[in-house]
Amino acid sequence: MQLATFDDFRDLLLATDPDAVAAPDAIPDPFLLARAGAVSAHYIPFDYVNPAARVVLVGISPGFVQWKNAVREARRQLMAGAPRDEVLRAAKYTGAFSGAIRPNLVALLDHVGLQRWLGISSCATLFDAHADLMHVTGVLRNPVFVNGKNYSGAAPNMLTTPLLQEQMLDYFAREVAPLRAAVYVPLGPKVGLALDWLAARGVLDGRRILHGIPHPSGANAERVAYFLGRKERATLSSRTNGPRIDAERAALLARLAALS
C-alpha cells in the first residue's frame, strides 16, 4: 500500500490556515485518509522518526488540537524555507507533553529507573539535552475522529475495527520498524493492549513493552500518586485498585531489569 507522506501534502499544508478550521468535521477533505461510517482518519505531518531512539512513548492518537498545532507549525516552517527534516521534526514535537502531564510522566519514568537504563540523570532531559534518545508517537499515528470527536480508544475497539487495524499496521508498524532496540512505554491500558496486538503480529518485540505505568494525565492523579508512593493504599478511593498497581509495578521493574 502507498502511504500518505508529507511530500503528498506539502502544498495542501501551505494552503491551509488551521486557525480557520473550527472542528474536526471542518478539516479540508483532501486531508482525509480513510472513512468507515462514523470513523475517519486524517493526515497529520507526523512523518518524522528518530532512528536513534531508545525509548518510544506511545499514546492512542493525535487529537484535533494536535492536528491544528502540527499543521500550523509545518506551515510556519515551510514559509520560512526550513529543510524538510526540520519541518517534520518541529511539527511532530510542537507542544509534545506540555503542561502538567510532563512532570507526572518524568516522575513515573524516573520512579521505575528508566533513566538508569538510558544512562542519564533523569528522564526530564529527554525533552531537551537527550531528546535524541526519545521518539513520540501513537498506535494510531494519524488523528482519528468518531462522529467528529477525538477518538478515545474505547469505541469502536481498535483491535477489531478494520479501518483502525489498517492504520496501525500501515503507519505505526512502518514507523517503528527501525526502532528494534528501543523500549515502548504505552500511555494507558488501551495502548498496552494495542501494542500486545501488534507484537503478536511481529511488529515489535513484546518483551520490550513496559506495561504498567499509569497514564500521566491530571485526571489519573490518584493512580499516579499511589504508583509513586505518595499515597497510602488505605487512603485510596474505590476507583483505584492498589493491589493491581502493585503487581503491575513489580512486573514492570522485573521486565526492565531483564533488559538491562
# chains A, B, ... in the order shown; residues from 1 in each chain; ligands from 1
>>> residues_around(residues="Leu198 of chain A", least_positions_apart="3", cutoff="10 Å", atoms="only C-alpha atoms", output="count of residues only")
17
>>> residues_around(residues="Val71 of chain A", least_positions_apart="5", cutoff="10 Å", atoms="only C-alpha atoms", output="PyMOL selection string")
chain A and resi 12-14+16-19+43-46+65-66+76-77+91-92
>>> residues_around(residues="Ser152 of chain A", least_positions_apart="3", cutoff="12 Å", atoms="only C-alpha atoms", output="number ranges by chain")
A: 39, 59-64, 140, 143-147, 149, 155-158, 188-191
>>> select_by_dssp(residues="segment 152-219 of chain A", states="helix (DSSP H, G or I)", output="number ranges by chain")
A: 162-176, 189-200, 206-208, 218-219
>>> atom_distance(atom1="atom CA of His211 of chain A", atom2="atom CA of Pro186 of chain A")
6.5 Å
>>> atom_distance(atom1="atom CA of Asn220 of chain A", atom2="atom CA of Ala251 of chain A")
20.4 Å
>>> select_by_dssp(residues="segment 18-141 of chain A", states="strand (DSSP E)", output="number ranges by chain")
A: 32-36, 39-42, 55-59, 134-138
>>> write_last_selection(atoms="N, CA and C atoms", output="compact mmCIF listing (two decimals), in the first residue's frame")
# COMPACT_ATOMS: atom_id res chain seq x y z
N LEU A 32 -8.34 13.79 4.32
CA LEU A 32 -8.96 12.52 4.70
C LEU A 32 -8.19 11.34 4.11
N LEU A 33 -7.82 10.39 5.00
CA LEU A 33 -7.11 9.18 4.57
C LEU A 33 -8.06 8.00 4.42
N ALA A 34 -9.02 7.90 5.32
CA ALA A 34 -9.94 6.77 5.30
C ALA A 34 -11.18 7.12 6.10
N ARG A 35 -12.30 6.54 5.69
CA ARG A 35 -13.55 6.72 6.44
C ARG A 35 -14.34 5.43 6.39
N ALA A 36 -14.95 5.07 7.51
CA ALA A 36 -15.86 3.93 7.58
C ALA A 36 -16.95 4.29 8.58
N VAL A 39 -16.33 6.73 11.66
CA VAL A 39 -14.89 6.80 11.97
C VAL A 39 -14.12 7.35 10.78
N SER A 40 -13.24 8.31 11.06
CA SER A 40 -12.41 8.87 9.98
C SER A 40 -10.99 9.07 10.47
N ALA A 41 -10.03 8.94 9.54
CA ALA A 41 -8.61 9.17 9.83
C ALA A 41 -8.11 10.23 8.87
N HIS A 42 -7.31 11.18 9.38
CA HIS A 42 -6.87 12.32 8.60
C HIS A 42 -5.36 12.49 8.71
N VAL A 55 13.80 4.94 23.66
CA VAL A 55 12.52 4.84 24.34
C VAL A 55 11.47 5.48 23.44
N VAL A 56 10.34 4.79 23.29
CA VAL A 56 9.24 5.27 22.46
C VAL A 56 8.03 5.45 23.36
N LEU A 57 7.56 6.69 23.48
CA LEU A 57 6.35 6.98 24.24
C LEU A 57 5.17 6.88 23.29
N VAL A 58 4.20 6.03 23.63
CA VAL A 58 3.11 5.72 22.70
C VAL A 58 1.76 6.08 23.30
N GLY A 59 1.06 6.98 22.64
CA GLY A 59 -0.31 7.31 23.01
C GLY A 59 -1.28 6.61 22.08
N MET A 134 14.68 9.77 22.50
CA MET A 134 13.24 9.57 22.62
C MET A 134 12.52 9.73 21.28
N HIS A 135 11.50 8.92 21.10
CA HIS A 135 10.57 9.09 19.99
C HIS A 135 9.16 9.08 20.56
N VAL A 136 8.30 9.91 20.02
CA VAL A 136 6.92 10.02 20.48
C VAL A 136 5.98 9.70 19.33
N THR A 137 4.98 8.88 19.59
CA THR A 137 4.04 8.53 18.53
C THR A 137 2.73 8.06 19.14
N GLY A 138 1.83 7.58 18.28
CA GLY A 138 0.58 6.97 18.72
C GLY A 138 0.39 5.67 17.97
>>> residues_around(residues="segment 115-125 of chain A", least_positions_apart="3", cutoff="9 Å", atoms="only C-alpha atoms", output="ChimeraX atom specification")
/A:54-55,102-103,105-107,109-112,128-131,133,256-257,259-260
>>> write_last_selection(atoms="N, CA and C atoms", output="short mmCIF file (atom, residue, chain, number, x, y, z; two decimals), in the first residue's frame")
data_model
loop_
_atom_site.label_atom_id
_atom_site.label_comp_id
_atom_site.auth_asym_id
_atom_site.auth_seq_id
_atom_site.Cartn_x
_atom_site.Cartn_y
_atom_site.Cartn_z
N ARG A 54 15.84 5.27 21.95
CA ARG A 54 15.90 4.07 22.78
C ARG A 54 14.64 3.91 23.62
N VAL A 55 13.80 4.94 23.66
CA VAL A 55 12.52 4.84 24.34
C VAL A 55 11.47 5.48 23.44
N ARG A 102 3.74 16.61 31.71
CA ARG A 102 5.18 16.30 31.60
C ARG A 102 5.81 15.97 32.94
N PRO A 103 5.64 16.77 34.01
CA PRO A 103 6.27 16.38 35.28
C PRO A 103 5.78 15.04 35.81
N LEU A 105 4.81 12.49 33.94
CA LEU A 105 5.45 11.49 33.09
C LEU A 105 6.90 11.28 33.51
N VAL A 106 7.63 12.36 33.72
CA VAL A 106 9.04 12.26 34.13
C VAL A 106 9.15 11.53 35.47
N ALA A 107 8.29 11.89 36.43
CA ALA A 107 8.34 11.25 37.75
C ALA A 107 8.08 9.75 37.64
N LEU A 109 8.54 7.74 34.97
CA LEU A 109 9.65 7.07 34.28
C LEU A 109 10.88 6.97 35.18
N ASP A 110 11.17 8.04 35.91
CA ASP A 110 12.30 8.00 36.83
C ASP A 110 12.06 7.02 37.98
N HIS A 111 10.81 6.92 38.42
CA HIS A 111 10.47 6.04 39.55
C HIS A 111 10.79 4.58 39.24
N VAL A 112 10.59 4.19 38.00
CA VAL A 112 10.89 2.78 37.65
C VAL A 112 12.32 2.59 37.19
N ASP A 128 15.01 17.80 26.35
CA ASP A 128 15.96 18.82 25.91
C ASP A 128 17.30 18.17 25.55
N ALA A 129 18.21 18.03 26.53
CA ALA A 129 19.57 17.60 26.21
C ALA A 129 19.64 16.20 25.61
N HIS A 130 18.73 15.31 25.99
CA HIS A 130 18.77 13.94 25.49
C HIS A 130 17.55 13.60 24.64
N ALA A 131 17.05 14.59 23.92
CA ALA A 131 15.91 14.36 23.04
C ALA A 131 16.22 13.33 21.96
N LEU A 133 17.31 10.50 22.39
CA LEU A 133 17.03 9.15 22.88
C LEU A 133 15.54 8.80 22.84
N LEU A 256 12.14 -4.47 33.14
CA LEU A 256 13.22 -3.52 32.87
C LEU A 256 14.55 -4.09 33.32
N ALA A 257 14.55 -4.79 34.46
CA ALA A 257 15.80 -5.41 34.94
C ALA A 257 16.29 -6.47 33.96
N LEU A 259 15.98 -6.43 30.83
CA LEU A 259 16.52 -5.78 29.64
C LEU A 259 17.88 -5.13 29.90
N SER A 260 18.22 -4.93 31.15
CA SER A 260 19.44 -4.20 31.49
C SER A 260 20.68 -5.05 31.18
#
>>> residues_around(residues="segment 227-244 of chain A", least_positions_apart="4", cutoff="8 Å", atoms="only C-alpha atoms", output="list in words")
Ala107, Leu108, His111, Pro214, Glu222, Arg223, Glu248 and Arg249 of chain A
>>> atom_distance(atom1="atom CA of Asp25 of chain A", atom2="atom CA of Asn150 of chain A")
10.9 Å
>>> closest_residue(among="A:Leu163, A:Ile27, A:Ala53, A:Ala20", to="Leu179 of chain A", atoms="only C-alpha atoms")
A:Ala53
>>> closest_residue(among="A:Arg174, A:Arg207, A:Lys68, A:Arg89", to="Asp132 of chain A", atoms="only C-alpha atoms")
A:Arg89
>>> closest_residue(among="A:Asp47, A:Tyr93, A:Ala80, A:Pro216", to="Leu3 of chain A", atoms="only C-alpha atoms")
A:Asp47
